[in-house]
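To keep things clear, I will list the structure first and then write my remarks on it.
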Amino acid sequence: MPVNSAIKSVHCRRIWDSRGKPTVEVEVILEDGSMGRGIAPSGASRGAAEASEIRDGGKILGGFDVSLALNNINSKISPAMIGMDTTSQREIDSKLIELDPSPTKDKLGGNATIAVSLATLNAAAAYHGLPLWKYIAGGSEVSLPLPEIQIFGGGAHAGRRVDIQDFMIVPLSAETFDQALEITAEIYLTAGQLMSSKGKLAGVADEGGWWPNFQTNEEAIETLVESIEMAGFKPGEEIGISLDVAGSELWENGTYKLTLENKELNSEDLTELFGRWIETYPIVSIEDPFAEDDHDGMKMFTKAYGDRIQIIGDDYLVTNAQKITNSASQGICNAALIKVNQAGTVSEALNALEAAKKAGWGTIISARSGETEDVTLTHLAVGFDAGQLKVGSFSRSERMAKWNEGLRIAEQMGTAVSYIGRKALSSSNG
């Protein structure tokens, strides 16, 4: 091991995320002075089996403080990291797993482990003097990802004003990453103006999308189609629609409750509803259409529509390689959302991504609703050649920082720049 790449110190601090809640930031400093930083994001809707955050509880800061997680880093993780080779990411992550072998990182906290894991990865790139994406790629040919961008926020991201969590667009006709963002900007601004003129605009949701005041969930899809057309684009041909249902959030006592419309639906009813939407609107992707425990519903829906649209597992798969492999063997889903903090370490997230690719699935690197200015996710999407990137909407700096980083990476690629575009979609609709 080159002595200069050894970890000299691990420093952590409390910072604040996009919701004004505390989170964990870690800096890993190497013997040669190189430094890498990692920050733990936080989700509003979470899978039951994902890596868990350790929060302080109590009355201070609503119970969300992170002094316990910081103490775990200082007292348990840092002493074990000193002297390790930062360029051996799997060894670093294996040590973290050894310190906390629980499936959901209950001992150390997933917010502690992922901040350390990400900081180590960034430190290794700094040691080699490379942009993170290039260090991760290791000489392999990689592409800029297809963006999936929220226009309307709902569910847990917008006070449950509508039941569906995300109403997003996919710029199918874009030929470059820059063009994809320009198209999105036109549609995002048009959607805001349209909603305002109709008295349907209630503000901005957690991830930067417009906070809607619709009467039904379908009205949101109709308004999104209208916004696409008003912006001068053809729905279906140039722009696709993607939904994040967050089915677990609707699941209660064996039925799905659509509060906005005062409806209770079983899995067959919900499949029929989504099927009608797919027939009526240019929907190219649906995430977590059913609850994480509703295996029959997920299988039924994949069998019915998996050859037409991308069906993504998020809470259902929780960035877990074994769950992805098992689901693929059962014909459930055809794409996986990859959230590094959901796994707890970079290596575990990469294992999940590789399992999805092996199954022939689409892969989407995703942010969380509680984010920061950190742009590491964009580098992961490019370096791991994930194909798709989902970091929220087209406003709020914690979102725009990540989209803007994609433009910088495109310039770094120079003449070798490649944009995967609609080919990234896992289904035949792309």
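Identifiers in the structure tokens: chain A, B, ... in order shown; residue index from 1 per chain; ligand index from 1 in order shown.
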
Report task. Quick one: everything within 9 Å of Val346 of chain A, counting only C-alpha atoms, minus sequence neighbours fewer than 5 positions away in the same chain. Send it as a ChimeraX atom specification. Result -> /A:89-90,93,114,117-118,121,340-341,351

Requested in this report: Determine, counting only C-alpha atoms, which protein, DNA and RNA residues have an atom within 7 Å of an atom of segment 229-245 of chain A; residues of the same chain fewer than 5 positions away are not included. Present the result as a PyMOL selection string.
Outcome: chain A and resi 164-173+186-187+190+282-289

Contact check, segment 286-370 of chain A to segment 39-60 of chain A, at most 6 Å, counting only C-alpha atoms, closest pairs as a tab-separated table:
```
residue	atom	partner	partner_atom	distance
A:Asp315	CA	A:Gly47	CA	4.1
A:Val318	CA	A:Glu50	CA	5.4
A:Gln342	CA	A:Glu50	CA	4.9
A:Ala343	CA	A:Ala51	CA	5.7
A:Gly344	CA	A:Ala51	CA	5.5
A:Arg368	CA	A:Gly43	CA	4.9
A:Ser369	CA	A:Gly43	CA	5.2
A:Gly370	CA	A:Ser42	CA	4.7
```

Requested in this report: Determine, counting only C-alpha atoms, which protein, DNA and RNA residues have an atom within 12 Å of an atom of Gly203 of chain A; residues of the same chain fewer than 6 positions away are not included. Present the result as JSON, numbers by chain.
Outcome: {"A": [152, 153, 154, 157, 158, 159, 161, 192, 193, 195, 196, 209, 210, 211, 212, 213, 395]}

Restrict the selected residues to N, CA and C atoms and save them as a compact mmCIF listing (two decimals), in the first residue's frame.
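Final output, saved to out.txt:
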```txt
# COMPACT_ATOMS: atom_id res chain seq x y z
N PHE A 152 -44.18 17.92 -10.55
CA PHE A 152 -45.08 18.08 -9.41
C PHE A 152 -44.65 17.14 -8.30
N GLY A 153 -44.61 17.66 -7.08
CA GLY A 153 -44.35 16.82 -5.91
C GLY A 153 -45.66 16.45 -5.24
N GLY A 154 -45.71 15.26 -4.66
CA GLY A 154 -46.91 14.83 -3.95
C GLY A 154 -46.54 13.91 -2.81
N HIS A 157 -43.74 14.11 0.01
CA HIS A 157 -42.91 15.25 -0.40
C HIS A 157 -43.69 16.56 -0.45
N ALA A 158 -45.01 16.49 -0.30
CA ALA A 158 -45.83 17.70 -0.43
C ALA A 158 -47.05 17.64 0.47
N GLY A 159 -46.83 17.26 1.72
CA GLY A 159 -47.93 17.25 2.68
C GLY A 159 -49.09 16.38 2.26
N ARG A 161 -50.70 16.31 -0.44
CA ARG A 161 -51.72 17.08 -1.16
C ARG A 161 -52.33 16.24 -2.28
N GLY A 192 -45.52 25.67 -13.98
CA GLY A 192 -45.76 26.62 -12.88
C GLY A 192 -46.71 27.72 -13.30
N GLN A 193 -46.51 28.24 -14.49
CA GLN A 193 -47.38 29.30 -14.99
C GLN A 193 -48.81 28.80 -15.20
N MET A 195 -50.30 26.21 -13.69
CA MET A 195 -50.94 25.95 -12.40
C MET A 195 -51.35 27.26 -11.72
N SER A 196 -50.50 28.26 -11.82
CA SER A 196 -50.81 29.55 -11.21
C SER A 196 -52.05 30.17 -11.84
N GLY A 209 -40.22 20.39 -6.87
CA GLY A 209 -41.34 20.38 -7.80
C GLY A 209 -42.46 21.27 -7.31
N TRP A 210 -43.34 21.62 -8.21
CA TRP A 210 -44.48 22.45 -7.82
C TRP A 210 -45.38 21.67 -6.85
N TRP A 211 -45.82 22.36 -5.82
CA TRP A 211 -46.71 21.78 -4.80
C TRP A 211 -48.13 22.02 -5.27
N PRO A 212 -48.82 20.95 -5.70
CA PRO A 212 -50.10 21.13 -6.41
C PRO A 212 -51.32 21.18 -5.49
N ASN A 213 -52.37 21.74 -6.04
CA ASN A 213 -53.66 21.76 -5.36
C ASN A 213 -54.70 21.17 -6.31
N SER A 395 -35.57 23.00 -9.50
CA SER A 395 -35.38 24.18 -8.66
C SER A 395 -34.79 23.72 -7.34
```

Query raised in the report: DSSP on the backbone: what in segment 176-226 of chain A comes out strand (DSSP E or B), as a ChimeraX atom specification?
Result: /A:201-204,210-212

Kindly save the residues from that selection, with N, CA, C and O atoms included, as a compact mmCIF listing (two decimals), in the first residue's frame.
```
# COMPACT_ATOMS: atom_id res chain seq x y z
N LEU A 201 -51.67 26.24 -7.81
CA LEU A 201 -50.30 26.27 -7.31
C LEU A 201 -50.28 26.61 -5.83
O LEU A 201 -50.74 27.67 -5.41
N ALA A 202 -49.73 25.68 -5.01
CA ALA A 202 -49.70 25.88 -3.56
C ALA A 202 -48.29 26.15 -3.05
O ALA A 202 -48.11 26.37 -1.86
N GLY A 203 -47.30 26.15 -3.92
CA GLY A 203 -45.92 26.40 -3.48
C GLY A 203 -44.95 25.43 -4.13
O GLY A 203 -45.20 24.91 -5.21
N VAL A 204 -43.84 25.18 -3.43
CA VAL A 204 -42.80 24.28 -3.92
C VAL A 204 -42.62 23.15 -2.90
O VAL A 204 -42.54 23.39 -1.70
N TRP A 210 -43.34 21.62 -8.21
CA TRP A 210 -44.48 22.45 -7.82
C TRP A 210 -45.38 21.67 -6.85
O TRP A 210 -45.65 20.49 -7.04
N TRP A 211 -45.82 22.36 -5.82
CA TRP A 211 -46.71 21.78 -4.80
C TRP A 211 -48.13 22.02 -5.27
O TRP A 211 -48.63 23.13 -5.27
N PRO A 212 -48.82 20.95 -5.70
CA PRO A 212 -50.10 21.13 -6.41
C PRO A 212 -51.32 21.18 -5.49
O PRO A 212 -51.30 20.71 -4.35
```

Query raised in the report: From the set A:Glu279, A:Glu219, A:Glu292, A:Glu268, which residue has the shortest atom-to-atom contact distance to Ser248 of chain A, counting only C-alpha atoms?
Result: A:Glu292

Query - Those of segment 229-412 of chain A in DSSP alpha helix (DSSP H), formatted as a VMD selection string - result: chain A and resid 229 to 230 267 to 280 295 to 305 321 to 329 340 to 343 346 to 358 376 to 383 397 to 412

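Among the candidate residues A:Ala304, A:Ala349, A:Leu30, A:Leu380, the one lying nearest to Thr86 of chain A is A:Leu30, with distances computed using only C-alpha atoms.
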
Proximity check segment 119-163 of chain A to segment 406-418 of chain A, 10 Å, nearest pairs one decimal Å, only C-alpha atoms, as a Markdown table:
```
| residue | atom | partner | partner_atom | distance |
| --- | --- | --- | --- | --- |
| A:Pro131 | CA | A:Ile409 | CA | 8.4 |
| A:Leu132 | CA | A:Ile409 | CA | 9.7 |
| A:Trp133 | CA | A:Ile409 | CA | 8.0 |
| A:Lys134 | CA | A:Met413 | CA | 9.0 |
| A:Glu141 | CA | A:Ser418 | CA | 8.9 |
| A:Val142 | CA | A:Ser418 | CA | 7.3 |
| A:Ser143 | CA | A:Ser418 | CA | 4.8 |
| A:Leu144 | CA | A:Ser418 | CA | 6.1 |
| A:Pro145 | CA | A:Gly406 | CA | 8.6 |
```

Any chance you can output those residues with N, CA, C and O atoms as a PDB file, in the first residue's frame?
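For reference, selection-v3.pdb as written:
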```
ATOM      1  N   PRO A 131     -11.212  13.504 -11.372  1.00  0.00           N
ATOM      2  CA  PRO A 131     -12.622  13.715 -11.039  1.00  0.00           C
ATOM      3  C   PRO A 131     -13.214  12.393 -10.553  1.00  0.00           C
ATOM      4  O   PRO A 131     -12.816  11.317 -11.034  1.00  0.00           O
ATOM      5  N   LEU A 132     -14.146  12.462  -9.628  1.00  0.00           N
ATOM      6  CA  LEU A 132     -14.663  11.232  -9.026  1.00  0.00           C
ATOM      7  C   LEU A 132     -15.208  10.266 -10.069  1.00  0.00           C
ATOM      8  O   LEU A 132     -14.957   9.056 -10.006  1.00  0.00           O
ATOM      9  N   TRP A 133     -15.985  10.768 -11.040  1.00  0.00           N
ATOM     10  CA  TRP A 133     -16.582   9.882 -12.042  1.00  0.00           C
ATOM     11  C   TRP A 133     -15.510   9.110 -12.794  1.00  0.00           C
ATOM     12  O   TRP A 133     -15.675   7.921 -13.088  1.00  0.00           O
ATOM     13  N   LYS A 134     -14.400   9.789 -13.102  1.00  0.00           N
ATOM     14  CA  LYS A 134     -13.329   9.168 -13.883  1.00  0.00           C
ATOM     15  C   LYS A 134     -12.589   8.128 -13.051  1.00  0.00           C
ATOM     16  O   LYS A 134     -12.207   7.056 -13.555  1.00  0.00           O
ATOM     17  N   GLU A 141     -15.573   2.812 -20.650  1.00  0.00           N
ATOM     18  CA  GLU A 141     -16.393   3.804 -21.350  1.00  0.00           C
ATOM     19  C   GLU A 141     -17.713   3.981 -20.609  1.00  0.00           C
ATOM     20  O   GLU A 141     -18.403   3.003 -20.303  1.00  0.00           O
ATOM     21  N   VAL A 142     -18.045   5.222 -20.303  1.00  0.00           N
ATOM     22  CA  VAL A 142     -19.271   5.520 -19.568  1.00  0.00           C
ATOM     23  C   VAL A 142     -20.029   6.638 -20.275  1.00  0.00           C
ATOM     24  O   VAL A 142     -19.479   7.352 -21.116  1.00  0.00           O
ATOM     25  N   SER A 143     -21.315   6.780 -19.896  1.00  0.00           N
ATOM     26  CA  SER A 143     -22.178   7.776 -20.538  1.00  0.00           C
ATOM     27  C   SER A 143     -22.839   8.665 -19.502  1.00  0.00           C
ATOM     28  O   SER A 143     -23.046   8.265 -18.351  1.00  0.00           O
ATOM     29  N   LEU A 144     -23.190   9.858 -19.943  1.00  0.00           N
ATOM     30  CA  LEU A 144     -24.025  10.725 -19.122  1.00  0.00           C
ATOM     31  C   LEU A 144     -25.433  10.136 -19.065  1.00  0.00           C
ATOM     32  O   LEU A 144     -25.930   9.608 -20.058  1.00  0.00           O
ATOM     33  N   PRO A 145     -26.085  10.220 -17.914  1.00  0.00           N
ATOM     34  CA  PRO A 145     -27.367   9.526 -17.722  1.00  0.00           C
ATOM     35  C   PRO A 145     -28.570  10.283 -18.277  1.00  0.00           C
ATOM     36  O   PRO A 145     -28.542  11.504 -18.453  1.00  0.00           O
TER      37      PRO A 145
END
```

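Once segment 258-266 of chain A and its same-chain neighbours fewer than 6 positions away are set aside, A:Val162, A:Asp163, A:Gln215, A:Thr216, A:Leu250 remain within 7 Å of it when counting only C-alpha atoms.
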
**Report entry** Distance in Å - atom CA of Asn4 of chain A versus atom CA of Glu91 of chain A
**Finding:** 17.0 Å

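Residue nearest Ile278 of chain A, chosen from A:Glu252, A:Glu218, A:Glu175, A:Asp32 and counting only C-alpha atoms: A:Glu218.
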
Report task. Excluding Ala367 of chain A and residues on its chain fewer than 3 positions from it, collect all residues at most 12 Å away from it, counting only C-alpha atoms, and give them as a ChimeraX atom specification. Result -> /A:18,39-44,148-150,207,314,337-342,364,370-378,380-381,388-393,398-403

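When only C-alpha atoms are used to compute distances to Asp65 of chain A, the closest of the residues A:Thr255, A:Thr113, A:Thr223, A:Thr23 turns out to be A:Thr23.
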
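Residue nearest Ala69 of chain A, chosen from A:Asp293, A:Asp106, A:Glu98, A:Asp85 and counting only C-alpha atoms: A:Asp106.
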
Query - Surrounding residues of segment 325-330 of chain A excluding itself and chain neighbours under 3 positions, 7 Å, only C-alpha atoms, as a ChimeraX atom specification - result: /A:321-322,333,355,359

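Note that atom CA of Leu146 of chain A and atom CA of Asp206 of chain A are 22.0 Å apart.
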
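The residue set within 8 Å of Gly362 of chain A, counting only C-alpha atoms and dropping same-chain residues fewer than 3 places from it, reads A:Gln310, A:Asn334, A:Ala335, A:Ala336, A:Ala356, A:Lys357, A:Ala386, A:Gly387, A:Gln388, A:Ala424, A:Leu425, A:Ser426.
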
Report summary line: With distances taken over only C-alpha atoms, the candidate from A:Glu354, A:Asp385, A:Ala119, A:Lys198 nearest Gly138 of chain A is A:Asp385

Query raised in the report: What is the distance between atom CA of Leu68 of chain A and atom CA of Asn111 of chain A, in Å to one decimal?
Result: 10.6 Å
